[in-house]
$ cat upload-v1.cif   # mmCIF, C-alpha atoms
data_protein
loop_
_atom_site.label_atom_id
_atom_site.label_comp_id
_atom_site.auth_asym_id
_atom_site.auth_seq_id
_atom_site.Cartn_x
_atom_site.Cartn_y
_atom_site.Cartn_z
CA MET A 1 -25.99 -8.23 -7.79
CA LEU A 2 -23.95 -9.93 -10.50
CA ASP A 3 -26.78 -9.45 -12.99
CA SER A 4 -26.90 -5.74 -12.15
CA LEU A 5 -23.17 -5.36 -12.71
CA THR A 6 -23.48 -7.24 -15.99
CA LEU A 7 -26.28 -4.92 -17.06
CA LEU A 8 -24.18 -1.85 -16.28
CA PHE A 9 -21.27 -3.26 -18.26
CA GLU A 10 -23.49 -3.97 -21.26
CA LYS A 11 -24.91 -0.45 -21.25
CA PHE A 12 -21.43 1.00 -20.85
CA PHE A 13 -20.37 -0.94 -23.94
CA LEU A 14 -23.35 0.35 -25.91
CA PHE A 15 -22.66 3.97 -25.08
CA SER A 16 -18.97 3.56 -25.82
CA ASN A 17 -19.98 3.32 -29.48
CA PHE A 18 -20.73 7.04 -29.30
CA ASN A 19 -17.01 7.73 -28.74
CA ILE A 20 -17.65 9.31 -25.35
CA PHE A 21 -13.99 9.09 -24.44
CA LYS A 22 -12.78 11.19 -27.34
CA SER A 23 -11.34 14.58 -26.48
CA LEU A 24 -14.57 16.58 -26.31
CA TRP A 25 -12.91 19.84 -25.45
CA GLN A 26 -10.20 19.82 -28.06
CA GLU A 27 -9.94 23.31 -29.50
CA GLU A 28 -7.83 22.62 -32.59
CA PRO A 29 -8.18 20.01 -35.35
CA GLU A 30 -6.07 16.90 -34.78
CA ARG A 31 -4.65 16.69 -38.26
CA ALA A 32 -4.81 18.08 -41.73
CA ALA A 33 -6.73 16.03 -44.26
CA LYS A 34 -6.81 15.76 -48.03
CA TRP A 35 -10.28 16.34 -49.37
CA PRO A 36 -11.85 14.11 -52.01
CA VAL A 37 -13.24 15.67 -55.17
CA LEU A 38 -16.36 17.57 -54.14
CA ARG A 39 -19.32 18.59 -56.27
CA ARG A 40 -22.11 21.04 -55.52
CA GLY A 41 -24.91 19.23 -53.69
CA ASP A 42 -22.69 16.52 -52.18
CA LEU A 43 -23.53 15.34 -48.68
CA LEU A 44 -20.45 15.49 -46.45
CA GLU A 45 -19.93 13.81 -43.10
CA VAL A 46 -17.14 14.00 -40.54
CA GLN A 47 -16.59 12.73 -37.01
CA ARG A 48 -17.17 15.55 -34.51
CA THR A 49 -17.26 15.16 -30.69
CA LEU A 50 -19.76 12.42 -29.79
CA PHE A 51 -21.49 12.22 -33.13
CA ILE A 52 -21.07 12.35 -36.88
CA HIS A 53 -21.53 15.86 -38.26
CA TYR A 54 -23.12 16.50 -41.66
CA GLY A 55 -23.15 19.26 -44.23
CA ILE A 56 -24.04 20.07 -47.84
CA TYR A 57 -21.30 21.20 -50.22
CA LEU A 58 -22.26 24.41 -52.04
CA GLY A 59 -19.22 24.74 -54.27
CA ASP A 60 -16.29 27.16 -54.11
CA ASN A 61 -14.97 25.52 -50.92
CA ARG A 62 -18.20 26.31 -49.01
CA VAL A 63 -20.25 23.95 -46.84
CA ALA A 64 -23.70 24.65 -45.37
CA HIS A 65 -24.28 22.84 -42.10
CA LEU A 66 -26.58 23.06 -39.10
CA MET A 67 -24.26 23.85 -36.20
CA PRO A 68 -25.12 24.35 -32.51
CA ASP A 69 -23.23 27.35 -31.14
CA ILE A 70 -23.36 29.21 -27.85
CA MET A 71 -21.56 32.31 -29.16
CA PRO A 72 -24.63 34.05 -30.73
CA VAL A 73 -26.30 33.84 -27.32
CA LEU A 74 -23.38 35.67 -25.70
CA THR A 75 -22.70 38.35 -28.32
CA ASN A 76 -23.98 39.97 -31.50
CA ASP A 77 -20.45 40.62 -32.75
CA LYS A 78 -20.23 38.81 -36.09
CA GLN A 79 -16.45 38.86 -35.94
CA LEU A 80 -16.61 36.67 -32.84
CA ILE A 81 -19.32 34.40 -34.23
CA LYS A 82 -17.78 33.88 -37.68
CA PRO A 83 -14.65 31.81 -36.76
CA VAL A 84 -14.84 28.01 -36.76
CA VAL A 85 -17.10 26.65 -34.01
CA THR A 86 -14.92 24.90 -31.44
CA ASN A 87 -16.04 21.84 -29.51
CA LYS A 88 -16.72 23.95 -26.41
CA ARG A 89 -19.00 26.26 -28.37
CA LEU A 90 -20.70 23.30 -30.03
CA ILE A 91 -21.44 21.37 -26.83
CA LEU A 92 -22.65 24.47 -24.97
CA GLY A 93 -24.83 25.31 -27.98
CA CYS A 94 -26.37 21.82 -27.79
CA ILE A 95 -27.12 22.30 -24.10
CA TYR A 96 -28.64 25.75 -24.69
CA ARG A 97 -30.40 24.47 -27.85
CA ASN A 98 -29.17 27.33 -29.99
CA ALA A 99 -28.11 26.64 -33.57
CA SER A 100 -28.05 28.01 -37.08
CA VAL A 101 -27.38 26.83 -40.60
CA ARG A 102 -24.06 28.51 -41.38
CA VAL A 103 -21.67 28.42 -44.31
CA ASP A 104 -18.03 27.60 -43.58
CA SER A 105 -15.02 26.53 -45.56
CA VAL A 106 -14.42 22.83 -46.09
CA GLU A 107 -11.44 23.04 -43.73
CA ASP A 108 -13.48 24.60 -40.92
CA PHE A 109 -16.33 22.16 -41.45
CA ALA A 110 -14.03 19.12 -41.33
CA TYR A 111 -12.22 20.38 -38.21
CA GLY A 112 -9.25 18.18 -39.06
CA ALA A 113 -11.24 14.96 -39.62
CA GLN A 114 -11.52 12.87 -42.77
CA ILE A 115 -14.49 13.69 -45.00
CA MET A 116 -16.86 11.05 -46.33
CA VAL A 117 -18.87 12.00 -49.41
CA ASN A 118 -22.42 10.80 -50.14
CA ASP A 119 -21.93 7.74 -47.95
CA MET A 120 -25.53 8.03 -46.79
CA ASP A 121 -26.82 7.41 -50.32
CA VAL A 122 -26.23 3.70 -49.74
CA LYS A 123 -28.06 3.69 -46.38
CA MET A 124 -31.13 5.66 -47.40
CA LYS A 125 -34.05 3.91 -49.05
CA CYS A 126 -34.89 6.87 -51.30
CA HIS A 127 -32.97 8.40 -54.18
CA ALA A 128 -31.10 11.68 -53.87
CA LEU A 129 -32.55 14.80 -55.44
CA VAL A 130 -30.82 16.62 -58.27
CA SER A 131 -27.57 18.13 -56.99
CA GLU A 132 -28.57 21.72 -57.78
CA GLU A 133 -31.86 21.29 -55.91
CA VAL A 134 -29.97 19.89 -52.92
CA ALA A 135 -27.68 22.92 -52.79
CA ARG A 136 -30.55 25.38 -53.25
CA ARG A 137 -32.47 23.83 -50.37
CA ALA A 138 -29.43 24.19 -48.14
CA GLU A 139 -28.88 27.81 -49.18
CA LYS A 140 -32.51 28.72 -48.43
CA LEU A 141 -32.17 27.46 -44.86
CA VAL A 142 -29.04 29.45 -44.00
CA GLY A 143 -29.64 31.40 -40.79
CA ASP A 144 -31.09 30.76 -37.34
CA ILE A 145 -33.09 27.57 -37.01
CA PRO A 146 -34.86 25.69 -34.19
CA TYR A 147 -32.58 22.99 -32.78
CA SER A 148 -33.11 19.68 -31.04
CA LEU A 149 -30.38 17.11 -30.51
CA LEU A 150 -32.82 14.30 -31.25
CA TRP A 151 -35.49 15.77 -33.50
CA ASN A 152 -33.89 18.56 -35.53
CA ASN A 153 -30.13 18.18 -35.84
CA CYS A 154 -27.55 18.44 -38.61
CA GLU A 155 -28.53 15.03 -39.99
CA HIS A 156 -32.17 16.06 -40.31
CA PHE A 157 -30.97 19.14 -42.18
CA VAL A 158 -28.90 17.28 -44.78
CA THR A 159 -31.41 14.47 -45.32
CA TYR A 160 -34.13 17.04 -45.97
CA CYS A 161 -31.90 18.84 -48.45
CA ARG A 162 -30.67 15.75 -50.28
CA TYR A 163 -33.58 13.31 -50.01
CA GLY A 164 -36.59 15.52 -49.30
CA THR A 165 -37.33 13.90 -45.92
CA PRO A 166 -35.70 14.88 -42.61
CA VAL A 167 -34.52 11.76 -40.80
CA SER A 168 -31.66 10.92 -38.45
CA GLN A 169 -30.15 7.46 -38.25
CA GLN A 170 -28.16 8.52 -35.19
CA THR A 171 -31.41 9.40 -33.40
CA GLU A 172 -32.91 6.06 -34.42
CA LYS A 173 -29.89 4.20 -33.03
CA PHE A 174 -30.13 6.12 -29.76
CA CYS A 175 -33.86 5.36 -29.45
CA ASP A 176 -33.23 1.67 -30.19
CA CYS A 177 -30.56 1.63 -27.49
CA LEU A 178 -32.96 3.30 -25.06
CA LYS A 179 -35.67 0.75 -25.88
CA THR A 180 -33.21 -2.06 -25.19
CA ILE A 181 -32.42 -0.61 -21.77
CA ILE A 182 -36.10 -0.07 -20.91
CA ARG A 183 -37.16 -3.53 -22.06
CA ASP A 184 -34.37 -5.30 -20.19
CA GLN A 185 -36.08 -6.65 -17.08
CA ARG A 186 -32.84 -6.41 -15.14
CA SER A 187 -33.30 -2.64 -15.34
CA VAL A 188 -36.33 -3.07 -13.07
CA ALA A 189 -34.28 -4.83 -10.40
CA LEU A 190 -31.52 -2.27 -10.74
CA THR A 191 -33.87 0.70 -10.31
CA VAL A 192 -35.49 -0.98 -7.29
CA GLY A 193 -32.06 -1.42 -5.72
CA ILE A 194 -31.12 2.19 -6.39
CA GLY A 195 -34.47 3.34 -4.99
CA VAL A 196 -33.99 1.37 -1.78
CA MET A 197 -30.50 2.81 -1.34
CA TYR A 198 -31.93 6.29 -1.95
CA ILE A 199 -34.54 5.74 0.78
CA LEU A 200 -31.91 4.44 3.20
CA CYS A 201 -29.74 7.50 2.58
CA PHE A 202 -32.41 10.22 2.60
CA GLY A 203 -35.19 8.66 4.64
CA LEU A 204 -38.74 7.53 3.95
CA ALA A 205 -40.67 10.36 2.30
CA PRO A 206 -42.95 10.87 -0.73
CA SER A 207 -40.04 12.33 -2.70
CA THR A 208 -38.04 9.12 -2.22
CA THR A 209 -40.76 6.47 -2.02
CA LEU A 210 -42.84 7.42 -5.07
CA PRO A 211 -39.92 7.29 -7.57
CA THR A 212 -38.81 3.98 -6.02
CA ILE A 213 -42.23 2.51 -6.78
CA LEU A 214 -43.21 4.30 -9.99
CA VAL A 215 -39.97 4.04 -12.00
CA PRO A 216 -39.59 0.23 -11.67
CA PHE A 217 -43.33 -0.18 -12.32
CA ILE A 218 -43.17 1.88 -15.52
CA LEU A 219 -40.10 -0.05 -16.71
CA TRP A 220 -41.81 -3.35 -15.91
CA MET A 221 -44.94 -2.34 -17.83
CA ALA A 222 -42.89 -1.05 -20.78
CA GLY A 223 -40.94 -4.30 -20.95
#
$ encode --input "upload-v1.cif" --output "structure tokens"
Amino acid sequence: MLDSLTLLFEKFFLFSNFNIFKSLWQEEPERAAKWPVLRRGDLLEVQRTLFIHYGIYLGDNRVAHLMPDIMPVLTNDKQLIKPVVTNKRLILGCIYRNASVRVDSVEDFAYGAQIMVNDMDVKMKCHALVSEEVARRAEKLVGDIPYSLLWNNCEHFVTYCRYGTPVSQQTEKFCDCLKTIIRDQRSVALTVGIGVMYILCFGLAPSTTLPTILVPFILWMAG
């Protein structure tokens, strides 16, 4: 029992790195920020809800970024879609998997957060493309685009534009975290315990027994 509680605490600590307890539903930026000097083709990143949000600076105070948004699903009125995407719109857009590459002002893109410029250049193993090529790639992709939180998000968009290869370090971190949970043998004991409690609460039936057997078995084999 103590091991199970320890496991839960460890996983809670891991997921806390995603800033889950930030104000997800905040509708207005927290603070005004002073922008660094920006050049066309720069890769910008800001903290937004649970994750870091990325965009490509196009010049003239414009940023192209892949943004989930529920509003285009609800209306075709461009006047309603055009304003800055709030956190509610963003999260609902993620759930509905609806997104587009849109162009916003630097202020709307930052949403009150501090902007980091080209910080990913240090982390990536490949060199950045010429700035003009980066901006042109971003401009060509403006419009509706298939969206996946893990496999085609804003980070994939900017890394494709700037480095030529779509990758997401946030996705890689999440997958590594998931592997750690799966490979931890205490997860097997925990799922068995949950399965037994599920059977005790809802009775012995295929819908309760099979998951109780299969899930721990799969975790044990994966570990």
$ closest_residue --input "upload-v1.cif" --among "A:Ala99, A:Leu58, A:Ala135, A:Ala205" --to "Cys161 of chain A" --atoms "all atoms listed in the file"
A:Ala135
$ resolve_selection --input "upload-v1.cif" --expression "the PyMOL selection byres ((chain A and resi 83) around 12)" --output "list in words"
Asp69, Met71, Pro72, Asp77, Lys78, Gln79, Leu80, Ile81, Lys82, Val84, Val85, Thr86, Arg89, Arg102, Val103, Asp104, Ser105, Glu107, Asp108, Phe109 and Tyr111 of chain A
$ resolve_selection --input "upload-v1.cif" --expression "the PyMOL selection byres ((chain A and resi 61) around 6)" --output "ChimeraX atom specification"
/A:59-60,62,105-106
$ atom_distance --input "upload-v1.cif" --atom1 "atom CA of Glu155 of chain A" --atom2 "atom CA of Thr180 of chain A"
23.1 Å
$ residues_around --input "upload-v1.cif" --residues "Pro36 of chain A" --least-positions-apart "4" --cutoff "10 Å" --atoms "all atoms listed in the file" --output "PyMOL selection string"
chain A and resi 114-117
$ atom_distance --input "upload-v1.cif" --atom1 "atom CA of Leu74 of chain A" --atom2 "atom CA of Asn153 of chain A"
21.3 Å
$ closest_residue --input "upload-v1.cif" --among "A:Leu178, A:Leu204, A:Ser168, A:Leu210" --to "Val192 of chain A" --atoms "all atoms listed in the file"
A:Leu210
$ resolve_selection --input "upload-v1.cif" --expression "the PyMOL selection byres ((chain A and resi 146) around 10)" --output "number ranges by chain"
A: 66, 68, 97-101, 144-145, 147-148, 151-153
$ atom_distance --input "upload-v1.cif" --atom1 "atom CA of Ile70 of chain A" --atom2 "atom CA of Gln47 of chain A"
20.0 Å
$ build_atoms --input "upload-v1.cif" --residues "segment 55-68 of chain A" --atoms "N, CA and C atoms" --output "short mmCIF file (atom, residue, chain, number, x, y, z; two decimals), in the coordinates of the input"
data_model
loop_
_atom_site.label_atom_id
_atom_site.label_comp_id
_atom_site.auth_asym_id
_atom_site.auth_seq_id
_atom_site.Cartn_x
_atom_site.Cartn_y
_atom_site.Cartn_z
N GLY A 55 -23.00 18.00 -43.54
CA GLY A 55 -23.15 19.26 -44.23
C GLY A 55 -23.40 19.04 -45.72
N ILE A 56 -23.79 20.10 -46.40
CA ILE A 56 -24.04 20.07 -47.84
C ILE A 56 -23.01 20.98 -48.53
N TYR A 57 -22.31 20.42 -49.50
CA TYR A 57 -21.30 21.20 -50.22
C TYR A 57 -21.99 22.12 -51.23
N LEU A 58 -21.64 23.42 -51.16
CA LEU A 58 -22.26 24.41 -52.04
C LEU A 58 -21.39 24.81 -53.22
N GLY A 59 -20.16 24.32 -53.24
CA GLY A 59 -19.22 24.74 -54.27
C GLY A 59 -18.32 25.85 -53.76
N ASP A 60 -17.23 26.10 -54.47
CA ASP A 60 -16.29 27.16 -54.11
C ASP A 60 -15.78 27.03 -52.67
N ASN A 61 -15.53 25.80 -52.25
CA ASN A 61 -14.97 25.52 -50.92
C ASN A 61 -15.91 25.92 -49.78
N ARG A 62 -17.23 25.92 -50.03
CA ARG A 62 -18.20 26.31 -49.01
C ARG A 62 -19.11 25.14 -48.64
N VAL A 63 -19.38 25.02 -47.35
CA VAL A 63 -20.25 23.95 -46.84
C VAL A 63 -21.33 24.57 -45.96
N ALA A 64 -22.59 24.23 -46.23
CA ALA A 64 -23.70 24.65 -45.37
C ALA A 64 -23.97 23.52 -44.38
N HIS A 65 -24.03 23.87 -43.11
CA HIS A 65 -24.28 22.84 -42.10
C HIS A 65 -24.99 23.44 -40.90
N LEU A 66 -25.86 22.64 -40.29
CA LEU A 66 -26.58 23.06 -39.10
C LEU A 66 -25.65 22.84 -37.91
N MET A 67 -25.28 23.93 -37.25
CA MET A 67 -24.26 23.85 -36.20
C MET A 67 -24.75 24.50 -34.90
N PRO A 68 -24.85 23.73 -33.82
CA PRO A 68 -25.12 24.35 -32.51
C PRO A 68 -23.96 25.26 -32.13
#
